[in-house]
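A.B. asks: Below is the file protein-v5.cif, with mmCIF, C-alpha atoms; chains and numbers go by the auth columns.
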```cif
data_structure
#
loop_
_atom_site.group_PDB
_atom_site.id
_atom_site.type_symbol
_atom_site.label_atom_id
_atom_site.label_comp_id
_atom_site.label_asym_id
_atom_site.label_seq_id
_atom_site.Cartn_x
_atom_site.Cartn_y
_atom_site.Cartn_z
_atom_site.B_iso_or_equiv
_atom_site.auth_seq_id
_atom_site.auth_asym_id
ATOM 1 C CA MET A 1 2.880 -9.401 -3.769 0.00 1 B
ATOM 2 C CA SER A 2 6.489 -8.760 -4.678 0.00 2 B
ATOM 3 C CA SER A 3 8.705 -5.950 -5.932 0.00 3 B
ATOM 4 C CA SER A 4 11.661 -5.924 -8.292 0.00 4 B
ATOM 5 C CA ALA A 5 13.094 -3.068 -6.187 0.00 5 B
ATOM 6 C CA PHE A 6 13.534 -5.019 -2.919 0.00 6 B
ATOM 7 C CA GLU A 7 13.052 -8.514 -1.533 0.00 7 B
ATOM 8 C CA ASN A 8 10.473 -9.405 1.101 0.00 8 B
ATOM 9 C CA GLY A 9 12.134 -8.453 4.385 0.00 9 B
ATOM 10 C CA GLY A 10 14.801 -6.476 2.533 0.00 10 B
ATOM 11 C CA ILE A 11 15.833 -2.826 2.531 0.00 11 B
ATOM 12 C CA ILE A 12 13.702 -0.373 0.554 0.00 12 B
ATOM 13 C CA PRO A 13 15.967 1.675 -1.760 0.00 13 B
ATOM 14 C CA PRO A 14 16.164 5.399 -0.865 0.00 14 B
ATOM 15 C CA GLU A 15 14.523 6.509 -4.145 0.00 15 B
ATOM 16 C CA PHE A 16 11.183 5.236 -2.767 0.00 16 B
ATOM 17 C CA THR A 17 11.560 7.210 0.495 0.00 17 B
ATOM 18 C CA CYS A 18 11.464 10.817 1.678 0.00 18 B
ATOM 19 C CA ASP A 19 15.259 10.825 1.350 0.00 19 B
ATOM 20 C CA GLY A 20 15.004 10.177 -2.385 0.00 20 B
ATOM 21 C CA GLU A 21 12.361 10.739 -5.043 0.00 21 B
ATOM 22 C CA ASN A 22 9.522 9.621 -2.725 0.00 22 B
ATOM 23 C CA VAL A 23 7.857 7.611 -5.516 0.00 23 B
ATOM 24 C CA SER A 24 6.002 4.310 -5.270 0.00 24 B
ATOM 25 C CA PRO A 25 8.019 1.155 -5.967 0.00 25 B
ATOM 26 C CA PRO A 26 7.213 -1.323 -8.726 0.00 26 B
ATOM 27 C CA LEU A 27 4.805 -3.990 -7.463 0.00 27 B
ATOM 28 C CA ASN A 28 3.759 -7.353 -8.873 0.00 28 B
ATOM 29 C CA ILE A 29 0.657 -9.217 -7.768 0.00 29 B
ATOM 30 C CA THR A 30 0.160 -12.908 -8.531 0.00 30 B
ATOM 31 C CA ASN A 31 -2.507 -15.533 -7.895 0.00 31 B
ATOM 32 C CA VAL A 32 -5.432 -13.099 -7.742 0.00 32 B
ATOM 33 C CA PRO A 33 -8.573 -15.205 -7.146 0.00 33 B
ATOM 34 C CA LYS A 34 -10.780 -15.422 -10.246 0.00 34 B
ATOM 35 C CA ASN A 35 -13.854 -14.258 -8.310 0.00 35 B
ATOM 36 C CA SER A 36 -12.178 -10.999 -7.212 0.00 36 B
ATOM 37 C CA LYS A 37 -14.086 -7.835 -8.085 0.00 37 B
ATOM 38 C CA THR A 38 -11.446 -5.331 -6.925 0.00 38 B
ATOM 39 C CA LEU A 39 -8.082 -5.009 -5.178 0.00 39 B
ATOM 40 C CA SER A 40 -7.044 -2.645 -2.371 0.00 40 B
ATOM 41 C CA ILE A 41 -3.592 -1.631 -1.111 0.00 41 B
ATOM 42 C CA ILE A 42 -2.642 -0.408 2.348 0.00 42 B
ATOM 43 C CA MET A 43 0.964 0.517 3.120 0.00 43 B
ATOM 44 C CA ASP A 44 1.753 1.252 6.736 0.00 44 B
ATOM 45 C CA ASP A 45 4.494 1.430 9.357 0.00 45 B
ATOM 46 C CA PRO A 46 3.614 -0.349 12.619 0.00 46 B
ATOM 47 C CA ASP A 47 6.912 0.807 14.180 0.00 47 B
ATOM 48 C CA ALA A 48 6.035 4.531 14.166 0.00 48 B
ATOM 49 C CA PRO A 49 6.450 6.136 17.612 0.00 49 B
ATOM 50 C CA MET A 50 2.812 7.335 17.859 0.00 50 B
ATOM 51 C CA GLY A 51 1.253 4.092 16.561 0.00 51 B
ATOM 52 C CA THR A 52 0.757 2.671 13.079 0.00 52 B
ATOM 53 C CA PHE A 53 1.406 5.314 10.417 0.00 53 B
ATOM 54 C CA THR A 54 -0.448 4.965 7.100 0.00 54 B
ATOM 55 C CA HIS A 55 1.692 5.780 4.049 0.00 55 B
ATOM 56 C CA TRP A 56 -0.628 4.823 1.198 0.00 56 B
ATOM 57 C CA ILE A 57 -4.150 3.542 0.606 0.00 57 B
ATOM 58 C CA VAL A 58 -5.737 2.707 -2.746 0.00 58 B
ATOM 59 C CA TRP A 59 -8.960 0.849 -3.561 0.00 59 B
ATOM 60 C CA ASN A 60 -11.217 -0.319 -6.392 0.00 60 B
ATOM 61 C CA ILE A 61 -8.228 -1.442 -8.442 0.00 61 B
ATOM 62 C CA PRO A 62 -9.440 -3.830 -11.187 0.00 62 B
ATOM 63 C CA PRO A 63 -8.340 -7.420 -10.419 0.00 63 B
ATOM 64 C CA HIS A 64 -6.544 -7.726 -13.790 0.00 64 B
ATOM 65 C CA LYS A 65 -4.209 -4.831 -12.789 0.00 65 B
ATOM 66 C CA THR A 66 -1.413 -6.951 -11.369 0.00 66 B
ATOM 67 C CA GLN A 67 1.646 -4.848 -12.199 0.00 67 B
ATOM 68 C CA PHE A 68 2.492 -1.350 -11.024 0.00 68 B
ATOM 69 C CA THR A 69 5.507 0.441 -12.441 0.00 69 B
ATOM 70 C CA ARG A 70 7.927 2.612 -10.518 0.00 70 B
ATOM 71 C CA ALA A 71 6.303 6.014 -9.809 0.00 71 B
ATOM 72 C CA GLU A 72 3.118 4.970 -11.617 0.00 72 B
ATOM 73 C CA LYS A 73 0.404 7.616 -11.701 0.00 73 B
ATOM 74 C CA PHE A 74 -2.811 6.165 -10.299 0.00 74 B
ATOM 75 C CA ASP A 75 -6.283 6.647 -11.756 0.00 75 B
ATOM 76 C CA PHE A 76 -7.671 4.619 -8.856 0.00 76 B
ATOM 77 C CA ILE A 77 -9.248 6.079 -5.737 0.00 77 B
ATOM 78 C CA GLN A 78 -6.677 6.945 -3.077 0.00 78 B
ATOM 79 C CA GLY A 79 -7.361 7.643 0.552 0.00 79 B
ATOM 80 C CA ARG A 80 -6.011 10.079 3.116 0.00 80 B
ATOM 81 C CA THR A 81 -2.694 8.979 4.608 0.00 81 B
ATOM 82 C CA SER A 82 -1.223 9.903 7.977 0.00 82 B
ATOM 83 C CA PHE A 83 0.664 12.633 6.088 0.00 83 B
ATOM 84 C CA GLY A 84 -2.748 14.182 5.326 0.00 84 B
ATOM 85 C CA THR A 85 -2.331 13.626 1.573 0.00 85 B
ATOM 86 C CA GLU A 86 -4.040 11.375 -0.967 0.00 86 B
ATOM 87 C CA GLU A 87 -0.961 9.862 -2.565 0.00 87 B
ATOM 88 C CA TYR A 88 1.982 7.590 -1.855 0.00 88 B
ATOM 89 C CA GLY A 89 4.180 8.853 0.972 0.00 89 B
ATOM 90 C CA GLY A 90 7.418 6.929 1.266 0.00 90 B
ATOM 91 C CA PRO A 91 9.244 5.749 4.363 0.00 91 B
ATOM 92 C CA CYS A 92 10.617 8.573 6.492 0.00 92 B
ATOM 93 C CA PRO A 93 11.342 7.143 9.959 0.00 93 B
ATOM 94 C CA PRO A 94 12.476 9.571 12.683 0.00 94 B
ATOM 95 C CA SER A 95 15.007 7.033 14.032 0.00 95 B
ATOM 96 C CA GLY A 96 15.942 3.368 13.853 0.00 96 B
ATOM 97 C CA ILE A 97 14.892 0.700 11.380 0.00 97 B
ATOM 98 C CA HIS A 98 11.174 0.610 10.613 0.00 98 B
ATOM 99 C CA ARG A 99 9.168 -2.082 8.829 0.00 99 B
ATOM 100 C CA TYR A 100 6.830 -1.070 6.014 0.00 100 B
ATOM 101 C CA PHE A 101 3.968 -3.409 5.187 0.00 101 B
ATOM 102 C CA PHE A 102 2.599 -3.311 1.622 0.00 102 B
ATOM 103 C CA LYS A 103 -0.697 -5.202 1.943 0.00 103 B
ATOM 104 C CA ILE A 104 -2.838 -6.234 -1.006 0.00 104 B
ATOM 105 C CA TYR A 105 -6.415 -7.398 -0.564 0.00 105 B
ATOM 106 C CA ALA A 106 -8.616 -9.174 -3.123 0.00 106 B
ATOM 107 C CA LEU A 107 -12.258 -8.279 -2.494 0.00 107 B
ATOM 108 C CA ASP A 108 -15.560 -9.736 -3.627 0.00 108 B
ATOM 109 C CA ILE A 109 -17.117 -6.263 -4.077 0.00 109 B
ATOM 110 C CA LYS A 110 -16.460 -2.801 -5.473 0.00 110 B
ATOM 111 C CA LEU A 111 -16.226 -0.417 -2.519 0.00 111 B
ATOM 112 C CA ASP A 112 -18.514 2.570 -2.154 0.00 112 B
ATOM 113 C CA LEU A 113 -15.994 4.915 -0.512 0.00 113 B
ATOM 114 C CA LYS A 114 -15.224 8.535 -1.327 0.00 114 B
ATOM 115 C CA GLN A 115 -11.807 9.766 -2.413 0.00 115 B
ATOM 116 C CA GLY A 116 -9.952 10.903 0.708 0.00 116 B
ATOM 117 C CA SER A 117 -11.500 8.382 3.096 0.00 117 B
ATOM 118 C CA GLY A 118 -9.094 7.162 5.764 0.00 118 B
ATOM 119 C CA VAL A 119 -7.668 3.729 6.495 0.00 119 B
ATOM 120 C CA LYS A 120 -10.292 3.001 9.187 0.00 120 B
ATOM 121 C CA GLU A 121 -13.110 3.631 6.699 0.00 121 B
ATOM 122 C CA LEU A 122 -11.369 1.401 4.158 0.00 122 B
ATOM 123 C CA GLN A 123 -10.848 -1.398 6.673 0.00 123 B
ATOM 124 C CA ASP A 124 -14.493 -1.176 7.788 0.00 124 B
ATOM 125 C CA ALA A 125 -15.713 -1.283 4.167 0.00 125 B
ATOM 126 C CA MET A 126 -13.488 -4.312 3.378 0.00 126 B
ATOM 127 C CA SER A 127 -14.618 -6.245 6.466 0.00 127 B
ATOM 128 C CA GLY A 128 -16.292 -9.491 5.440 0.00 128 B
ATOM 129 C CA HIS A 129 -15.312 -9.038 1.782 0.00 129 B
ATOM 130 C CA ILE A 130 -11.620 -10.072 1.762 0.00 130 B
ATOM 131 C CA ILE A 131 -11.163 -13.294 -0.195 0.00 131 B
ATOM 132 C CA ALA A 132 -7.350 -13.249 -0.306 0.00 132 B
ATOM 133 C CA GLU A 133 -4.505 -11.088 0.933 0.00 133 B
ATOM 134 C CA SER A 134 -0.743 -10.874 0.738 0.00 134 B
ATOM 135 C CA VAL A 135 1.949 -8.803 2.424 0.00 135 B
ATOM 136 C CA LEU A 136 5.324 -7.539 1.229 0.00 136 B
ATOM 137 C CA ILE A 137 7.548 -6.155 3.985 0.00 137 B
ATOM 138 C CA GLY A 138 10.384 -3.720 3.377 0.00 138 B
ATOM 139 C CA LYS A 139 12.683 -2.067 5.905 0.00 139 B
ATOM 140 C CA TYR A 140 14.219 1.369 6.002 0.00 140 B
ATOM 141 C CA SER A 141 16.299 3.570 8.323 0.00 141 B
ATOM 142 C CA ARG A 142 17.737 7.021 7.798 0.00 142 B
#
```
Please re-express this file's structure in structure tokens.

C.D. replies:
Amino acid sequence: MSSSAFENGGIIPPEFTCDGENVSPPLNITNVPKNSKTLSIIMDDPDAPMGTFTHWIVWNIPPHKTQFTRAEKFDFIQGRTSFGTEEYGGPCPPSGIHRYFFKIYALDIKLDLKQGSGVKELQDAMSGHIIAESVLIGKYSR
């Protein structure tokens, strides 16, 4: 996974954070295994003071959907984030530099999860079905 907005390990531009437009960044996915049935995305912040904070979860993305535009509106199922919403929530760290992990998973099944399920439910449903994964890390401080 990569983004034209920031390099792996680089700084996430403010437009993709709570200090800007709070929209999802453009994402590119390559080398999706041919036997993939769906893709899932989890974006989280392991540096949050109260433990890992989930910013975005999406699943049952068709495996041929390998490009996401800036601020793209999703027709795919999204889960409940730590913000309590079912949409992208950009970086908004209380202090210091935080790392944000954009994780993509290629799965061998279509998940039977309801809209609004949380990250734990998604992780449990994906268990044993991940055939490939990739991580893009961005950093941000206010």

A.B. asks: Pull the neighbourhood of (10.5, 3.4, -4.7) for me: all residues within 8 Å in file coordinates, counting only C-alpha atoms, as a PyMOL selection string.

C.D. replies: chain B and resi 5+12-17+21-26+70-71+90

A.B. asks: So how far away is CA of Pro93 in chain B from CA of Asp47 in chain B, in Å?

C.D. replies: 8.8 Å

A.B. asks: Take the point (0.3, 5.0, 5.3) as written in the file and pick out every residue within 6 Å of it, counting all atoms listed in the file; give the list as an mmCIF file with C-alpha atoms, keeping the file's coordinate frame.

C.D. replies:
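Output (selection-v6.cif):
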```
data_model
loop_
_atom_site.group_PDB
_atom_site.id
_atom_site.type_symbol
_atom_site.label_atom_id
_atom_site.label_comp_id
_atom_site.auth_asym_id
_atom_site.auth_seq_id
_atom_site.Cartn_x
_atom_site.Cartn_y
_atom_site.Cartn_z
ATOM 1 C CA MET B 43 0.964 0.517 3.120
ATOM 2 C CA ASP B 44 1.753 1.252 6.736
ATOM 3 C CA PHE B 53 1.406 5.314 10.417
ATOM 4 C CA THR B 54 -0.448 4.965 7.100
ATOM 5 C CA HIS B 55 1.692 5.780 4.049
ATOM 6 C CA TRP B 56 -0.628 4.823 1.198
ATOM 7 C CA THR B 81 -2.694 8.979 4.608
ATOM 8 C CA SER B 82 -1.223 9.903 7.977
#
```

A.B. asks: For Asn8 in chain B, list every protein, DNA or RNA residue within 12 Å, evaluated using only C-alpha atoms, and leave out those in the same chain fewer than 3 positions away; present the list as a PDB file with C-alpha atoms, keeping the file's coordinate frame.

C.D. replies:
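The resulting file, selection.pdb, is reproduced below:
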```pdb
ATOM      1  CA  MET B   1       2.880  -9.401  -3.769  1.00  0.00           C
ATOM      2  CA  SER B   2       6.489  -8.760  -4.678  1.00  0.00           C
ATOM      3  CA  SER B   3       8.705  -5.950  -5.932  1.00  0.00           C
ATOM      4  CA  SER B   4      11.661  -5.924  -8.292  1.00  0.00           C
ATOM      5  CA  ALA B   5      13.094  -3.068  -6.187  1.00  0.00           C
ATOM      6  CA  ILE B  11      15.833  -2.826   2.531  1.00  0.00           C
ATOM      7  CA  ILE B  12      13.702  -0.373   0.554  1.00  0.00           C
ATOM      8  CA  LEU B  27       4.805  -3.990  -7.463  1.00  0.00           C
ATOM      9  CA  ARG B  99       9.168  -2.082   8.829  1.00  0.00           C
ATOM     10  CA  TYR B 100       6.830  -1.070   6.014  1.00  0.00           C
ATOM     11  CA  PHE B 101       3.968  -3.409   5.187  1.00  0.00           C
ATOM     12  CA  PHE B 102       2.599  -3.311   1.622  1.00  0.00           C
ATOM     13  CA  LYS B 103      -0.697  -5.202   1.943  1.00  0.00           C
ATOM     14  CA  SER B 134      -0.743 -10.874   0.738  1.00  0.00           C
ATOM     15  CA  VAL B 135       1.949  -8.803   2.424  1.00  0.00           C
ATOM     16  CA  LEU B 136       5.324  -7.539   1.229  1.00  0.00           C
ATOM     17  CA  ILE B 137       7.548  -6.155   3.985  1.00  0.00           C
ATOM     18  CA  GLY B 138      10.384  -3.720   3.377  1.00  0.00           C
ATOM     19  CA  LYS B 139      12.683  -2.067   5.905  1.00  0.00           C
TER      20      LYS B 139
END
```

A.B. asks: What does the PyMOL selection byres ((chain B and resi 97) around 7) select in this file, as a PyMOL selection string?

C.D. replies: chain B and resi 95-96+98-99+139-141

A.B. asks: Report as number ranges by chain the residues that result from applying the PyMOL selection byres ((chain B and resi 37) around 6) to the structure here.

C.D. replies: B: 36, 38, 107-109

A.B. asks: Would you list the contacts of Pro63 in chain B as a list in words, taking every protein, DNA or RNA residue within 10 Å and counting all atoms listed in the file, but skipping same-chain residues closer than 3 positions in sequence?

C.D. replies: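 The neighbour list is Ile29, Val32, Pro33, Lys34, Asn35, Ser36, Lys37, Thr38, Leu39, Ser40, Asn60, Thr66, Ala106 and Leu107 of chain B.
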
A.B. asks: What does the structure give for the distance between CA of His129 in chain B and CA of Gln115 in chain B, in Å to one decimal?

C.D. replies: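 Result for CA of His129 in chain B versus CA of Gln115 in chain B: 19.6 Å, one decimal.
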
A.B. asks: Between CA of Thr85 in chain B and CA of Val119 in chain B, what is the distance in Å, rounded to a tenth?

C.D. replies: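 According to the coordinates, CA of Thr85 in chain B and CA of Val119 in chain B are separated by 12.3 Å.
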
A.B. asks: Near Arg80 in chain B, counting only C-alpha atoms, which residues have an atom at most 7 Å away, once you skip same-chain residues fewer than 4 positions from it, shown as a VMD selection string?

C.D. replies: chain B and resid 84 to 86 116 to 118

A.B. asks: Which residue is closest to Pro94 in chain B? Choose from B:Gly20, B:Gly128, B:Gly10, B:Pro49 and count all atoms listed in the file.

C.D. replies: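 Result for the nearest residue to Pro94 in chain B: B:Pro49.
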
A.B. asks: Pick from B:Leu111, B:Asp19, B:Ile104, B:Arg142: nearest to Lys65 in chain B, with only C-alpha atoms counted?

C.D. replies: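 Distance minimum relative to Lys65 in chain B lands on B:Ile104.
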
A.B. asks: Applying 10 Å and all atoms listed in the file, which residues near Phe74 in chain B remain after dropping the ones on its own chain fewer than 5 positions away? List them as a list in words.

C.D. replies: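 Here the qualifying residues turn out to be Val58, Ile61, Phe68, Glu87 and Tyr88 of chain B.
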
A.B. asks: As a CSV table (one decimal) with C-alpha atoms, in the frame of the given file, please: the residues near Asp112 in chain B (cut-off 8 Å, only C-alpha atoms, same-chain neighbours under 2 positions excluded).

C.D. replies:
```csv
chain,number,residue,atom,x,y,z
B,110,LYS,CA,-16.5,-2.8,-5.5
B,114,LYS,CA,-15.2,8.5,-1.3
B,125,ALA,CA,-15.7,-1.3,4.2
```
